[in-house]
Amino acid sequence: MTDTNKIAVIPGDGIGKEVVAEGVKVLTALREHRGRNLELLHYDLGADRFLADGTTFPDEVRDTIRNECKAVLLGAMGDPRVPGMEHARDIIFGLRFGFDLYCNLRPVVCLHDSLMPLKGRTAKDCDMVVFRENTEGVYVAMGGQFKRGTPDEVAINEDLNTRKGVERIIRAAFEYATRHGRKKVTMVDKSNAMRHAHELWQRVFAEVSKEHAGLETNHQYVDAFCFNLIRDPSQFDVVVTSNLFGDIVTDLGASLQGGLGMAASANIRPDGVGMFEPVHGSAPDIAGQGKANPLATVLTIGMMMTHLGYDEDEPFLTDLVRQAIDAGECTADVGGKRTTSQVGDWIVSRIAGG
Ligand code: ATP
């Protein structure tokens with residue numbers, strides 16, 4: 001018997017709570033029907049708790065996650081009642097920066113022809129994995145404002161790129177490609193304009209690619225990448241890019257997957273706890289109405305199961321998601337008529353059926 005895999009569950013705000021409720025059902029079903037050794041630790045962190053008692057991301061929760069958990073399932077953060085997003089910043093950055101989860105892994109896979117928005121393309125044309133650097137770039141919030149509110153105002157945000165940070169995400173992309181039998185690694189940068197920072201990316205990419213001679217490599221400027229992603233997504237396989245560009249291009253990618261309700265992500269490093277979250281936000285416009293698509297969360301749990309060593313669960317859950325779309329057992333954003341919890345129940349019934 002292996003050690004129990006403890007998973008911290010943080011639903012967060014808005015539809016995060018609704019999709020994580022379905023995620024909990026899925027994890028429970030994997031434990032009960034597939035014998036997975038999982039224990040869930042529930043934390044009610046989010047806007048409600050922050051507004052009630054000022055709690056954001058307590059040290060004891062951070063320590064329990066660090067010392068005991070192998071994974072975190074996070075719903076979404078963001079609530080109109082907290083416009084400054086204080087709670088969200090502490091929780092998300094506490095996990096991402098606090099645990100140095102440098103690798104944001106985002107599959108951009110279209111699972112069903114009915115979800116493909118591009119004319120003349122089918123689902124098989126969109127099957128790539130984006131590696132987004134997750135701890136540097138403009139997200140370090142270095143910079144400042146000078147003469148604020150005057151006509152001479154100056155505002156600066158620095159884009160931080162370290163040799164260590166660039167190298168480890170590029171290595172992660174190449175190692176993933178090799179391990180998963182992928183053929184090609186594309187780096188997306190803007191080295192023609194960001195001459196210092198992205199020259200570093202270029203140099204490291206060239207160095208690391210020499211260690212993986214069996215893989216085809218190329219680079220595209222981010223503008224050309226966006227153009228080509230829509231023109232012909234089939235040319236991309238594994239993609240590695242910076243924090244800011246990764247944020248932008250994966251939302252574009254989500255539109256090829258059937259929308260934000262279908263996009264999964266993992267925030268990981270090879271040797272520690274991983275944080276798993278659907279790409280979408282808290283979507284206040286549809287919160288509390290049973291409209292939220294929980295399938296991104298099901299796919300995200302698939303990624304978590306791979307991280308926990310249950311590799312066969314990710315293709316199993318991915319196939320169930322494909323079947324749900326095919327059978328119309330899905331929410332309106334992907335062509336169905338079901339509510340959030342009906343979709344979760346359908347997935348669970350299929351897990352129970354083997
Ligand atoms: P954030 O600022 O928190 O990142 P965002 O601006 O990216 O959020 P989201 O909350 O992610 O916005 O969603 C944008 C819109 O997409 C929502 O308003 C909603 O209509 C739709 N949407 C997002 N996620 C889902 C989902 N899981 N199911 C159905 N619709 C969704």
# chains A, B, ... in the order shown; residues from 1 in each chain; ligands from 1
>>> residues_near_ligand(ligand="ligand 1", cutoff="7 Å", atoms="only C-alpha atoms and all ligand atoms", output="PyMOL selection string")
chain A and resi 76-78+260-261+279-286+291-294+296+333
>>> residues_around(residues="segment 48-59 of chain A", least_positions_apart="4", cutoff="12 Å", atoms="only C-alpha atoms", output="VMD selection string")
chain A and resid 10 to 14 17 43 to 44 63 to 67 77 to 95 98
>>> atom_distance(atom1="atom CA of Gly328 of chain A", atom2="atom CA of Ala123 of chain A")
16.7 Å
>>> residues_around(residues="Thr331 of chain A", least_positions_apart="2", cutoff="12 Å", atoms="only C-alpha atoms", output="ChimeraX atom specification")
/A:19,258-259,261-262,289-296,321,324-325,327-329,333-344,346
>>> closest_residue(among="A:Ala287, A:Val273, A:Ile156, A:Ile248", to="Cys226 of chain A", atoms="only C-alpha atoms")
A:Ile248
>>> residues_around(residues="Glu136 of chain A", least_positions_apart="6", cutoff="8 Å", atoms="only C-alpha atoms", output="list in words")
Asp159, Leu160, Asn161, Thr162, Gly165 and Asn243 of chain A
>>> write_last_selection(atoms="all heavy atoms", output="compact mmCIF listing (two decimals), in the first residue's frame")
# COMPACT_ATOMS: atom_id res chain seq x y z
N ASP A 159 10.21 43.25 -16.78
CA ASP A 159 10.02 41.87 -17.24
C ASP A 159 11.25 41.07 -16.81
O ASP A 159 12.33 41.24 -17.40
CB ASP A 159 9.86 41.85 -18.76
CG ASP A 159 9.57 40.46 -19.28
OD1 ASP A 159 8.50 39.94 -18.96
OD2 ASP A 159 10.42 39.91 -20.00
N LEU A 160 11.11 40.28 -15.77
CA LEU A 160 12.26 39.58 -15.18
C LEU A 160 12.47 38.22 -15.84
O LEU A 160 11.55 37.40 -15.90
CB LEU A 160 12.02 39.38 -13.68
CG LEU A 160 13.16 38.70 -12.94
CD1 LEU A 160 14.19 39.73 -12.48
CD2 LEU A 160 12.65 37.91 -11.74
N ASN A 161 13.67 37.98 -16.32
CA ASN A 161 14.02 36.70 -16.93
C ASN A 161 15.37 36.26 -16.38
O ASN A 161 16.37 36.94 -16.62
CB ASN A 161 14.14 36.83 -18.45
CG ASN A 161 12.83 37.22 -19.09
OD1 ASN A 161 12.10 36.39 -19.60
ND2 ASN A 161 12.52 38.52 -19.08
N THR A 162 15.40 35.16 -15.64
CA THR A 162 16.68 34.68 -15.13
C THR A 162 17.14 33.47 -15.93
O THR A 162 16.32 32.73 -16.50
CB THR A 162 16.58 34.26 -13.65
OG1 THR A 162 15.76 33.08 -13.56
CG2 THR A 162 15.98 35.37 -12.80
N GLY A 165 15.50 30.45 -14.44
CA GLY A 165 14.07 30.35 -14.73
C GLY A 165 13.80 29.96 -16.18
O GLY A 165 12.92 29.14 -16.46
N ASN A 243 5.87 33.83 -19.29
CA ASN A 243 4.69 33.92 -18.44
C ASN A 243 3.56 34.73 -19.10
O ASN A 243 2.42 34.28 -19.22
CB ASN A 243 5.13 34.56 -17.11
CG ASN A 243 4.23 34.20 -15.94
OD1 ASN A 243 3.11 33.75 -16.13
ND2 ASN A 243 4.71 34.41 -14.73
>>> decode(residues="segment 80-129 of chain A", atoms="N, CA and C atoms", output="CSV table (one decimal), in the first residue's frame")
chain,number,residue,atom,x,y,z
A,80,PRO,N,-16.6,40.3,-7.2
A,80,PRO,CA,-16.8,41.7,-7.4
A,80,PRO,C,-16.8,42.5,-6.1
A,81,ARG,N,-17.0,41.7,-5.0
A,81,ARG,CA,-17.0,42.4,-3.6
A,81,ARG,C,-15.6,42.7,-3.1
A,82,VAL,N,-14.6,42.1,-3.8
A,82,VAL,CA,-13.2,42.4,-3.4
A,82,VAL,C,-12.5,42.8,-4.6
A,83,PRO,N,-12.7,44.1,-5.0
A,83,PRO,CA,-12.2,44.6,-6.3
A,83,PRO,C,-10.6,44.6,-6.3
A,84,GLY,N,-10.0,44.7,-5.1
A,84,GLY,CA,-8.6,44.7,-5.0
A,84,GLY,C,-8.0,43.3,-5.1
A,85,MET,N,-8.8,42.3,-5.1
A,85,MET,CA,-8.4,40.9,-5.2
A,85,MET,C,-7.3,40.5,-4.2
A,86,GLU,N,-7.4,41.1,-3.0
A,86,GLU,CA,-6.3,40.8,-2.0
A,86,GLU,C,-6.3,39.3,-1.6
A,87,HIS,N,-7.5,38.7,-1.5
A,87,HIS,CA,-7.5,37.3,-1.1
A,87,HIS,C,-6.9,36.4,-2.2
A,88,ALA,N,-7.3,36.8,-3.4
A,88,ALA,CA,-6.9,36.0,-4.6
A,88,ALA,C,-5.3,36.0,-4.8
A,89,ARG,N,-4.8,37.2,-4.6
A,89,ARG,CA,-3.4,37.4,-4.7
A,89,ARG,C,-2.6,36.5,-3.7
A,90,ASP,N,-3.0,36.6,-2.5
A,90,ASP,CA,-2.3,35.8,-1.4
A,90,ASP,C,-2.4,34.3,-1.7
A,91,ILE,N,-3.6,33.9,-2.1
A,91,ILE,CA,-3.8,32.4,-2.3
A,91,ILE,C,-3.1,31.9,-3.5
A,92,ILE,N,-3.3,32.6,-4.7
A,92,ILE,CA,-2.7,32.1,-5.9
A,92,ILE,C,-1.2,32.3,-5.9
A,93,PHE,N,-0.8,33.5,-5.6
A,93,PHE,CA,0.7,33.7,-5.6
A,93,PHE,C,1.4,33.0,-4.4
A,94,GLY,N,0.6,32.8,-3.3
A,94,GLY,CA,1.2,32.0,-2.2
A,94,GLY,C,1.5,30.6,-2.7
A,95,LEU,N,0.6,30.0,-3.5
A,95,LEU,CA,0.8,28.7,-4.0
A,95,LEU,C,1.9,28.7,-5.1
A,96,ARG,N,1.7,29.6,-6.1
A,96,ARG,CA,2.5,29.6,-7.3
A,96,ARG,C,4.0,30.0,-7.0
A,97,PHE,N,4.1,31.1,-6.3
A,97,PHE,CA,5.5,31.6,-5.9
A,97,PHE,C,6.0,30.9,-4.7
A,98,GLY,N,5.1,30.7,-3.7
A,98,GLY,CA,5.5,30.1,-2.4
A,98,GLY,C,6.1,28.7,-2.6
A,99,PHE,N,5.5,27.9,-3.5
A,99,PHE,CA,6.0,26.6,-3.8
A,99,PHE,C,6.8,26.5,-5.0
A,100,ASP,N,7.1,27.7,-5.6
A,100,ASP,CA,8.0,27.7,-6.8
A,100,ASP,C,7.5,26.8,-7.9
A,101,LEU,N,6.2,26.9,-8.2
A,101,LEU,CA,5.6,26.0,-9.2
A,101,LEU,C,5.9,26.6,-10.6
A,102,TYR,N,7.1,26.4,-11.1
A,102,TYR,CA,7.6,27.1,-12.3
A,102,TYR,C,7.0,26.7,-13.6
A,103,CYS,N,6.3,25.6,-13.6
A,103,CYS,CA,5.9,25.0,-14.8
A,103,CYS,C,4.4,25.0,-14.9
A,104,ASN,N,3.8,25.9,-15.8
A,104,ASN,CA,2.4,25.9,-16.0
A,104,ASN,C,2.1,25.1,-17.3
A,105,LEU,N,1.5,24.0,-17.1
A,105,LEU,CA,1.3,23.0,-18.2
A,105,LEU,C,-0.1,23.2,-18.6
A,106,ARG,N,-0.3,23.5,-19.9
A,106,ARG,CA,-1.7,23.7,-20.4
A,106,ARG,C,-1.9,23.0,-21.7
A,107,PRO,N,-2.6,21.8,-21.7
A,107,PRO,CA,-2.9,21.1,-22.9
A,107,PRO,C,-3.9,22.0,-23.7
A,108,VAL,N,-3.6,22.2,-25.0
A,108,VAL,CA,-4.6,22.8,-25.9
A,108,VAL,C,-5.0,21.7,-26.9
A,109,VAL,N,-6.1,21.0,-26.5
A,109,VAL,CA,-6.5,19.8,-27.2
A,109,VAL,C,-8.0,20.0,-27.5
A,110,CYS,N,-8.4,19.9,-28.7
A,110,CYS,CA,-9.8,19.9,-29.0
A,110,CYS,C,-10.3,18.4,-29.0
A,111,LEU,N,-11.3,18.2,-28.2
A,111,LEU,CA,-11.7,16.8,-27.9
A,111,LEU,C,-12.8,16.3,-28.8
A,112,HIS,N,-13.5,17.2,-29.5
A,112,HIS,CA,-14.6,16.8,-30.3
A,112,HIS,C,-14.8,17.7,-31.5
A,113,ASP,N,-15.1,17.1,-32.7
A,113,ASP,CA,-15.3,18.0,-33.9
A,113,ASP,C,-16.3,19.1,-33.7
A,114,SER,N,-17.3,18.9,-32.9
A,114,SER,CA,-18.3,19.9,-32.7
A,114,SER,C,-17.8,21.1,-32.0
A,115,LEU,N,-16.6,21.0,-31.3
A,115,LEU,CA,-16.1,22.1,-30.6
A,115,LEU,C,-15.1,22.9,-31.4
A,116,MET,N,-14.7,22.4,-32.6
A,116,MET,CA,-13.7,23.1,-33.4
A,116,MET,C,-14.3,24.3,-34.1
A,117,PRO,N,-13.8,25.5,-33.8
A,117,PRO,CA,-14.5,26.7,-34.4
A,117,PRO,C,-13.9,27.0,-35.8
A,118,LEU,N,-12.8,26.4,-36.2
A,118,LEU,CA,-12.1,26.8,-37.5
A,118,LEU,C,-12.7,26.1,-38.7
A,119,LYS,N,-12.9,26.9,-39.7
A,119,LYS,CA,-13.5,26.3,-40.9
A,119,LYS,C,-12.5,25.3,-41.5
A,120,GLY,N,-13.0,24.2,-41.9
A,120,GLY,CA,-12.2,23.2,-42.6
A,120,GLY,C,-11.2,22.4,-41.7
A,121,ARG,N,-11.4,22.6,-40.4
A,121,ARG,CA,-10.5,21.8,-39.4
A,121,ARG,C,-11.4,20.9,-38.6
A,122,THR,N,-10.7,19.8,-38.1
A,122,THR,CA,-11.4,18.9,-37.2
A,122,THR,C,-10.6,18.9,-35.9
A,123,ALA,N,-11.2,18.1,-34.9
A,123,ALA,CA,-10.6,18.1,-33.6
A,123,ALA,C,-9.1,17.6,-33.7
A,124,LYS,N,-8.9,16.7,-34.5
A,124,LYS,CA,-7.5,16.1,-34.6
A,124,LYS,C,-6.4,17.1,-35.0
A,125,ASP,N,-6.9,18.3,-35.5
A,125,ASP,CA,-5.9,19.3,-35.9
A,125,ASP,C,-5.4,20.1,-34.7
A,126,CYS,N,-6.0,19.9,-33.6
A,126,CYS,CA,-5.6,20.7,-32.4
A,126,CYS,C,-5.2,19.8,-31.3
A,127,ASP,N,-3.9,19.6,-31.1
A,127,ASP,CA,-3.4,18.7,-30.1
A,127,ASP,C,-2.0,19.1,-29.7
A,128,MET,N,-1.9,20.1,-28.8
A,128,MET,CA,-0.6,20.6,-28.4
A,128,MET,C,-0.6,20.8,-26.9
A,129,VAL,N,0.6,20.9,-26.3
A,129,VAL,CA,0.8,21.2,-24.9
A,129,VAL,C,1.6,22.5,-24.8
